[in-house]
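Below is the file structure.txt, which contains compact mmCIF, C-alpha atoms.
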# COMPACT_ATOMS: atom_id res chain seq x y z
CA MET H 1 -114.79 -4.05 114.42
CA TYR H 2 -113.91 -7.60 115.39
CA CYS H 3 -113.10 -8.50 118.97
CA ASP H 4 -110.52 -10.99 120.13
CA ALA H 5 -112.65 -14.06 120.79
CA SER H 6 -110.06 -15.50 123.17
CA GLN H 7 -110.91 -12.72 125.65
CA PHE H 8 -114.32 -14.22 126.37
CA LYS H 9 -114.52 -17.06 128.87
CA PHE H 10 -117.55 -18.71 127.28
CA VAL H 11 -115.87 -19.17 123.88
CA PRO H 12 -113.88 -22.39 124.57
CA GLN H 13 -116.93 -24.12 126.02
CA LEU H 14 -119.10 -23.05 123.10
CA GLU H 15 -116.52 -24.14 120.54
CA GLN H 16 -116.14 -27.51 122.26
CA GLY H 17 -119.89 -27.93 121.95
CA TRP H 18 -119.79 -27.57 118.17
CA PRO H 19 -120.17 -31.29 117.34
CA ALA H 20 -123.30 -31.56 119.48
CA ILE H 21 -124.71 -28.32 118.10
CA ALA H 22 -124.03 -29.41 114.52
CA GLY H 23 -125.71 -32.74 115.21
CA GLU H 24 -128.83 -31.03 116.53
CA LEU H 25 -128.87 -28.69 113.54
CA ARG H 26 -128.73 -31.63 111.12
CA ALA H 27 -131.65 -33.29 112.89
CA LEU H 28 -133.94 -30.26 112.57
CA PRO H 29 -136.92 -30.56 110.25
CA GLU H 30 -136.76 -28.12 107.35
CA ASP H 31 -140.03 -26.36 108.17
CA VAL H 32 -138.81 -24.95 111.49
CA PHE H 33 -136.57 -22.44 109.73
CA ILE H 34 -138.40 -19.17 109.15
CA PRO H 35 -137.43 -16.60 106.50
CA TYR H 36 -136.02 -13.50 108.16
CA PRO H 37 -138.48 -10.72 107.35
CA GLU H 38 -136.14 -7.77 106.77
CA ARG H 39 -135.81 -8.43 103.07
CA TYR H 40 -134.41 -4.98 102.33
CA LEU H 41 -131.17 -6.21 103.91
CA LEU H 42 -130.81 -8.83 101.19
CA ASP H 43 -129.42 -7.89 97.80
CA LYS H 44 -131.85 -10.25 96.03
CA ARG H 45 -134.53 -10.04 98.73
CA THR H 46 -134.33 -13.75 99.49
CA GLY H 47 -132.19 -16.39 101.10
CA TRP H 48 -131.87 -15.70 104.84
CA ASP H 49 -133.60 -18.08 107.23
CA THR H 50 -133.53 -18.24 111.01
CA PHE H 51 -134.26 -20.68 113.80
CA GLY H 52 -134.67 -18.77 117.06
CA ILE H 53 -133.66 -20.21 120.41
CA TYR H 54 -133.88 -17.01 122.47
CA PHE H 55 -135.01 -13.57 121.38
CA LEU H 56 -134.23 -10.58 123.61
CA GLY H 57 -134.35 -12.82 126.65
CA VAL H 58 -137.53 -14.67 125.68
CA LYS H 59 -137.12 -18.43 125.35
CA ILE H 60 -138.49 -19.96 122.14
CA ASP H 61 -139.65 -23.05 124.01
CA LEU H 62 -140.50 -25.47 121.22
CA ASN H 63 -137.23 -24.73 119.43
CA CYS H 64 -135.27 -25.28 122.65
CA ASP H 65 -136.97 -28.67 122.95
CA LEU H 66 -135.61 -29.57 119.51
CA CYS H 67 -132.06 -28.48 120.42
CA PRO H 68 -131.62 -29.20 124.14
CA GLU H 69 -127.84 -29.25 124.18
CA THR H 70 -127.57 -26.06 122.10
CA ALA H 71 -130.09 -24.37 124.41
CA ARG H 72 -128.14 -25.48 127.47
CA LEU H 73 -124.90 -24.10 126.03
CA VAL H 74 -126.33 -20.70 125.10
CA GLU H 75 -128.12 -20.38 128.45
CA SER H 76 -124.75 -20.72 130.16
CA ILE H 77 -123.37 -17.63 128.41
CA PRO H 78 -123.36 -14.59 130.73
CA GLY H 79 -125.57 -11.79 129.42
CA MET H 80 -126.96 -13.80 126.50
CA VAL H 81 -130.11 -12.13 125.18
CA THR H 82 -130.58 -13.58 121.68
CA ALA H 83 -129.51 -16.87 120.14
CA GLY H 84 -130.45 -18.88 117.09
CA PHE H 85 -129.29 -20.47 113.88
CA SER H 86 -128.81 -18.14 110.94
CA ARG H 87 -128.75 -19.72 107.51
CA LEU H 88 -127.67 -17.99 104.31
CA VAL H 89 -128.65 -19.88 101.18
CA PRO H 90 -126.32 -20.05 98.15
CA GLY H 91 -126.02 -16.66 96.47
CA ALA H 92 -127.44 -14.69 99.40
CA HIS H 93 -125.84 -11.35 100.25
CA ILE H 94 -126.77 -9.33 103.33
CA ILE H 95 -125.92 -5.79 102.31
CA PRO H 96 -123.94 -3.39 104.53
CA HIS H 97 -125.90 -2.37 107.61
CA SER H 98 -125.38 -1.49 111.27
CA GLY H 99 -127.16 -2.51 114.43
CA LYS H 100 -128.49 -0.23 117.12
CA PRO H 101 -126.08 0.74 119.89
CA VAL H 102 -127.65 -1.17 122.79
CA GLY H 103 -124.51 -2.41 124.55
CA LEU H 104 -124.45 -5.83 122.93
CA LEU H 105 -121.77 -7.80 121.13
CA ARG H 106 -122.50 -10.42 118.50
CA CYS H 107 -120.95 -13.86 118.28
CA HIS H 108 -121.10 -16.19 115.28
CA LEU H 109 -120.12 -19.81 115.87
CA GLY H 110 -119.51 -21.51 112.51
CA ILE H 111 -121.69 -24.63 112.35
CA ASP H 112 -121.82 -25.59 108.68
CA VAL H 113 -119.64 -23.27 106.67
CA PRO H 114 -118.85 -23.73 102.98
CA GLU H 115 -115.78 -22.33 101.27
CA LYS H 116 -116.93 -19.24 99.38
CA CYS H 117 -118.49 -17.05 102.01
CA GLY H 118 -117.39 -14.18 104.20
CA LEU H 119 -118.21 -11.54 106.75
CA ARG H 120 -116.96 -7.98 106.50
CA VAL H 121 -116.97 -5.90 109.68
CA GLY H 122 -115.58 -2.42 109.18
CA ASP H 123 -112.61 -2.84 106.86
CA GLU H 124 -111.84 -6.43 107.79
CA ILE H 125 -113.10 -9.51 105.96
CA ARG H 126 -113.04 -12.89 107.66
CA ARG H 127 -114.45 -16.28 106.90
CA TRP H 128 -116.30 -18.41 109.41
CA GLU H 129 -114.79 -21.75 110.36
CA ASN H 130 -116.69 -24.72 111.69
CA GLY H 131 -116.46 -24.79 115.46
CA ARG H 132 -114.82 -21.36 115.78
CA CYS H 133 -116.30 -18.12 117.08
CA LEU H 134 -116.16 -14.68 115.50
CA ILE H 135 -117.14 -11.85 117.83
CA PHE H 136 -117.83 -8.35 116.61
CA ASP H 137 -119.54 -5.10 117.44
CA ASP H 138 -122.86 -5.19 115.65
CA THR H 139 -122.98 -1.38 115.50
CA SER H 140 -120.02 -1.41 113.10
CA GLU H 141 -121.07 -1.57 109.48
CA HIS H 142 -121.07 -5.21 108.39
CA GLU H 143 -122.19 -7.41 105.53
CA ALA H 144 -122.23 -11.14 104.85
CA TRP H 145 -122.38 -13.28 101.74
CA ASN H 146 -122.48 -16.88 100.61
CA LEU H 147 -121.24 -17.48 97.08
CA ASP H 148 -120.96 -21.23 97.52
CA SER H 149 -123.31 -23.91 96.27
CA ARG H 150 -124.57 -24.97 99.69
CA PRO H 151 -126.01 -23.06 102.64
CA ARG H 152 -123.93 -21.43 105.36
CA THR H 153 -125.23 -21.86 108.91
CA VAL H 154 -123.89 -20.20 112.05
CA LEU H 155 -125.12 -20.05 115.63
CA LEU H 156 -125.78 -16.35 116.15
CA LEU H 157 -125.62 -14.89 119.67
CA ASP H 158 -126.10 -11.42 121.10
CA PHE H 159 -124.75 -10.89 124.59
CA LYS H 160 -124.21 -7.94 126.87
CA ALA H 161 -120.78 -6.42 126.41
CA PRO H 162 -118.76 -6.97 129.59
CA MET D 1 -73.29 -30.10 92.48
CA GLU D 2 -74.46 -26.81 93.95
CA PRO D 3 -74.04 -26.28 97.64
CA SER D 4 -77.31 -26.38 99.47
CA LEU D 5 -78.51 -23.28 101.30
CA PRO D 6 -78.68 -23.20 105.07
CA GLU D 7 -82.09 -24.28 106.33
CA SER D 8 -83.09 -20.76 107.40
CA GLU D 9 -82.42 -19.37 103.90
CA GLN D 10 -84.23 -22.28 102.23
CA ARG D 11 -87.35 -21.25 104.12
CA SER D 12 -86.96 -17.63 103.08
CA VAL D 13 -86.94 -18.42 99.36
CA GLU D 14 -89.93 -20.72 99.44
CA PRO D 15 -93.09 -19.24 97.97
CA ASP D 16 -95.69 -18.12 100.45
CA GLN D 17 -97.90 -20.95 101.48
CA VAL D 18 -101.34 -19.59 100.76
CA CYS D 19 -104.04 -21.95 101.89
CA PRO D 20 -107.16 -21.24 99.82
CA SER D 21 -109.41 -22.26 102.67
CA THR D 22 -108.16 -19.40 104.85
CA VAL D 23 -108.52 -16.64 102.25
CA PRO D 24 -112.04 -15.21 102.39
CA VAL D 25 -113.85 -14.41 99.18
CA GLY D 26 -114.77 -10.74 98.90
CA PRO D 27 -118.36 -9.50 98.74
CA PRO D 28 -120.20 -9.87 95.43
CA GLN D 29 -120.91 -6.93 93.16
CA ARG D 30 -124.31 -5.46 93.88
CA GLN D 31 -126.80 -4.77 91.16
CA PRO D 32 -128.37 -1.31 91.30
CA GLN D 33 -131.75 -1.77 92.94
CA PRO D 34 -134.76 0.25 91.86
CA LYS D 35 -136.70 2.00 94.61
CA SER D 36 -139.03 -0.44 96.31
CA THR D 37 -142.60 -0.44 95.11
CA LEU D 38 -145.68 -0.07 97.29
CA TRP D 39 -146.35 -3.77 96.76
CA GLN D 40 -142.86 -4.66 98.01
CA ASP D 41 -143.34 -2.42 101.05
CA LEU D 42 -146.66 -4.11 101.81
CA GLN D 43 -145.07 -7.51 101.32
CA GLN D 44 -142.31 -6.52 103.74
CA GLY D 45 -144.86 -5.56 106.36
CA TRP D 46 -146.80 -8.78 105.87
CA ASP D 47 -143.57 -10.83 106.10
CA TYR D 48 -142.83 -9.13 109.42
CA ILE D 49 -146.26 -9.97 110.85
CA TYR D 50 -146.04 -13.55 109.58
CA PHE D 51 -142.57 -13.93 111.13
CA ILE D 52 -143.79 -12.67 114.52
CA TRP D 53 -146.83 -14.95 114.38
CA ARG D 54 -144.82 -18.05 113.45
CA VAL D 55 -142.17 -17.50 116.14
CA SER D 56 -144.69 -16.58 118.85
CA ARG D 57 -146.53 -19.87 118.21
CA ARG D 58 -143.37 -21.64 119.35
CA ILE D 59 -143.36 -19.85 122.73
CA ARG D 60 -145.28 -21.31 125.65
CA GLY D 61 -147.40 -18.96 127.74
CA LEU D 62 -149.22 -15.79 126.77
CA ARG D 63 -147.00 -13.61 128.92
CA ASN D 64 -143.83 -14.65 127.12
CA GLN D 65 -145.55 -14.42 123.74
CA ILE D 66 -146.44 -10.79 124.52
CA ARG D 67 -142.90 -10.11 125.77
CA PHE D 68 -141.57 -11.44 122.47
CA MET D 69 -143.96 -9.35 120.39
CA ILE D 70 -143.16 -6.16 122.27
CA GLY D 71 -139.45 -6.93 122.09
CA ILE D 72 -139.39 -7.45 118.35
CA ILE D 73 -141.50 -4.36 117.67
CA LEU D 74 -139.27 -2.10 119.76
CA TRP D 75 -136.01 -3.63 118.54
CA LYS D 76 -135.07 -3.06 114.94
CA PRO D 77 -131.73 -2.87 113.17
CA MET D 78 -130.97 0.52 111.67
CA LEU D 79 -131.68 0.93 108.00
CA PRO D 80 -128.77 0.66 105.57
CA ARG D 81 -127.06 3.95 104.85
CA GLU D 82 -128.31 4.13 101.25
CA ASN D 83 -131.91 3.75 102.42
CA LEU D 84 -131.41 6.55 104.93
CA ASP D 85 -129.93 8.78 102.23
CA SER D 86 -132.62 8.04 99.66
CA SER D 87 -135.41 8.72 102.12
CA GLY D 88 -133.90 11.99 103.27
CA LEU D 89 -133.51 10.71 106.82
CA LYS D 90 -129.95 11.60 107.78

Reformat the file's structure so that it appears as structure tokens.
Amino acid sequence: MYCDASQFKFVPQLEQGWPAIAGELRALPEDVFIPYPERYLLDKRTGWDTFGIYFLGVKIDLNCDLCPETARLVESIPGMVTAGFSRLVPGAHIIPHSGKPVGLLRCHLGIDVPEKCGLRVGDEIRRWENGRCLIFDDTSEHEAWNLDSRPRTVLLLDFKAP
Amino acid sequence: MEPSLPESEQRSVEPDQVCPSTVPVGPPQRQPQPKSTLWQDLQQGWDYIYFIWRVSRRIRGLRNQIRFMIGIILWKPMLPRENLDSSGLK
């Protein structure tokens, strides 16, 4: 299920940082994005790339150097354990799946969002918007798709549920 | 000349303003997928190792590289329901 993003104190600061984050994303070299390995989650087994900033509390140092402002913003989020850019290429569809119940919530900040894409969590479908956060319980069944002609990129965050 | 409706009623008879940009597109139809082959399973395993290797190269310090590797091995999203069903793991 989706959560009310306005309940989280870090959301306004993160959303205000969108222009800087988007600028750092645009400046990234293409070869720093790495294909996400769990291909069975993709309907066509291709089209999901990631750029890690933190993973389960471990800092991805060289990537943080490339995105200093983004790293600073995510480090300021209480309970943040994982952060990074998630890019879905045109036509990609992450099939319905659920995360492990480990007491985390997931936040997606829309960074570069085309028109024809969406995220279903439970029974509710929403679309990302640039500079706006969606927060949801990763243990709910969810799926994501990009039917547009250009990639969709969000800043993905996992943080400890308050 | 017809009398004009009060402003409140004019609003009520206007068509709904549907902004296309706010209406999400639904998920695409999925093609039935054949059961994965041994080659695809091996490829999946190799992709996982390659992913861990590439990310760990971007972490400074052996201790944090090991923390990352242990973290990613122990953490794993649950398999999709259909995979659980087809494998008999319920």

### Task
Go through H:Arg72, H:His142, H:Lys59, H:Arg106 and flag the residue nearest chain D, using all atoms listed in the file for the distances.
H:Lys59

### Pairwise distance for CA of Gly61 (chain D) and CA of Asp47 (chain D), rounded to one decimal in Å
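CA of Gly61 (chain D) sits 23.4 Å away from CA of Asp47 (chain D).
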
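Rounded to one decimal, CA of Asp43 (chain H) and CA of Trp53 (chain D) lie 25.1 Å from each other.
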
Could I get the residues of chain H with an atom no further than 6 Å from an atom of chain D, each paired with its nearest atom pair and that distance in Å to one decimal, using only C-alpha atoms, sorted by chain and residue number, as JSON lines?
{"residue": "H:Pro37", "atom": "CA", "partner": "D:Tyr48", "partner_atom": "CA", "distance": 5.1}
{"residue": "H:Ile60", "atom": "CA", "partner": "D:Ile59", "partner_atom": "CA", "distance": 4.9}
{"residue": "H:Asp61", "atom": "CA", "partner": "D:Ile59", "partner_atom": "CA", "distance": 5.1}
{"residue": "H:Leu62", "atom": "CA", "partner": "D:Arg58", "partner_atom": "CA", "distance": 5.1}
{"residue": "H:His97", "atom": "CA", "partner": "D:Pro80", "partner_atom": "CA", "distance": 4.6}
{"residue": "H:Ser98", "atom": "CA", "partner": "D:Met78", "partner_atom": "CA", "distance": 6.0}
{"residue": "H:Gly99", "atom": "CA", "partner": "D:Pro77", "partner_atom": "CA", "distance": 4.8}
{"residue": "H:Lys100", "atom": "CA", "partner": "D:Pro77", "partner_atom": "CA", "distance": 5.8}
{"residue": "H:Lys116", "atom": "CA", "partner": "D:Val25", "partner_atom": "CA", "distance": 5.7}
{"residue": "H:Gly118", "atom": "CA", "partner": "D:Pro24", "partner_atom": "CA", "distance": 5.7}
{"residue": "H:Arg126", "atom": "CA", "partner": "D:Pro24", "partner_atom": "CA", "distance": 5.8}
{"residue": "H:Arg127", "atom": "CA", "partner": "D:Pro24", "partner_atom": "CA", "distance": 5.2}

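Distance check against Ala27 (chain H) using only C-alpha atoms: of H:Leu156, H:Ile135, H:Val74, H:Cys67, the minimum falls on H:Cys67.
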
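Going from CA of Arg120 (chain H) over to CA of Phe136 (chain H), you cover 10.2 Å.
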
Enclosing box along x, y and z for every listed atom of region 43-51 of chain D, padded 6 Å each side, centre and size in Å, one decimal, as lines of an AutoDock Vina configuration file:
center_x = -144.6
center_y = -9.7
center_z = 106.2
size_x = 16.5
size_y = 20.4
size_z = 21.8

### Query
Of the candidates H:Pro78, H:Pro101, H:Pro68, H:Gly47, which one gets nearest to Phe10 (chain H) if we count all atoms listed in the file?
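With all atoms listed in the file as the atom set, the closest residue is H:Pro78.
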
### Query
Nearest to Leu134 (chain H): which of H:Leu88, H:Ile77, H:Cys117, H:Leu157 is it, counting all atoms listed in the file?
H:Leu157

### Task
For Thr50 (chain H), list every protein, DNA or RNA residue within 8 Å, evaluated using only C-alpha atoms, and leave out those in the same chain fewer than 4 positions away; present the list as a VMD selection string.
chain H and resid 33 to 36 84 to 87

### Spatial neighbours of Asn146 (chain H), 6 Å, all atoms listed in the file, chain gap at least 2 places, as a PyMOL selection string
chain H and resi 90-92+117+148
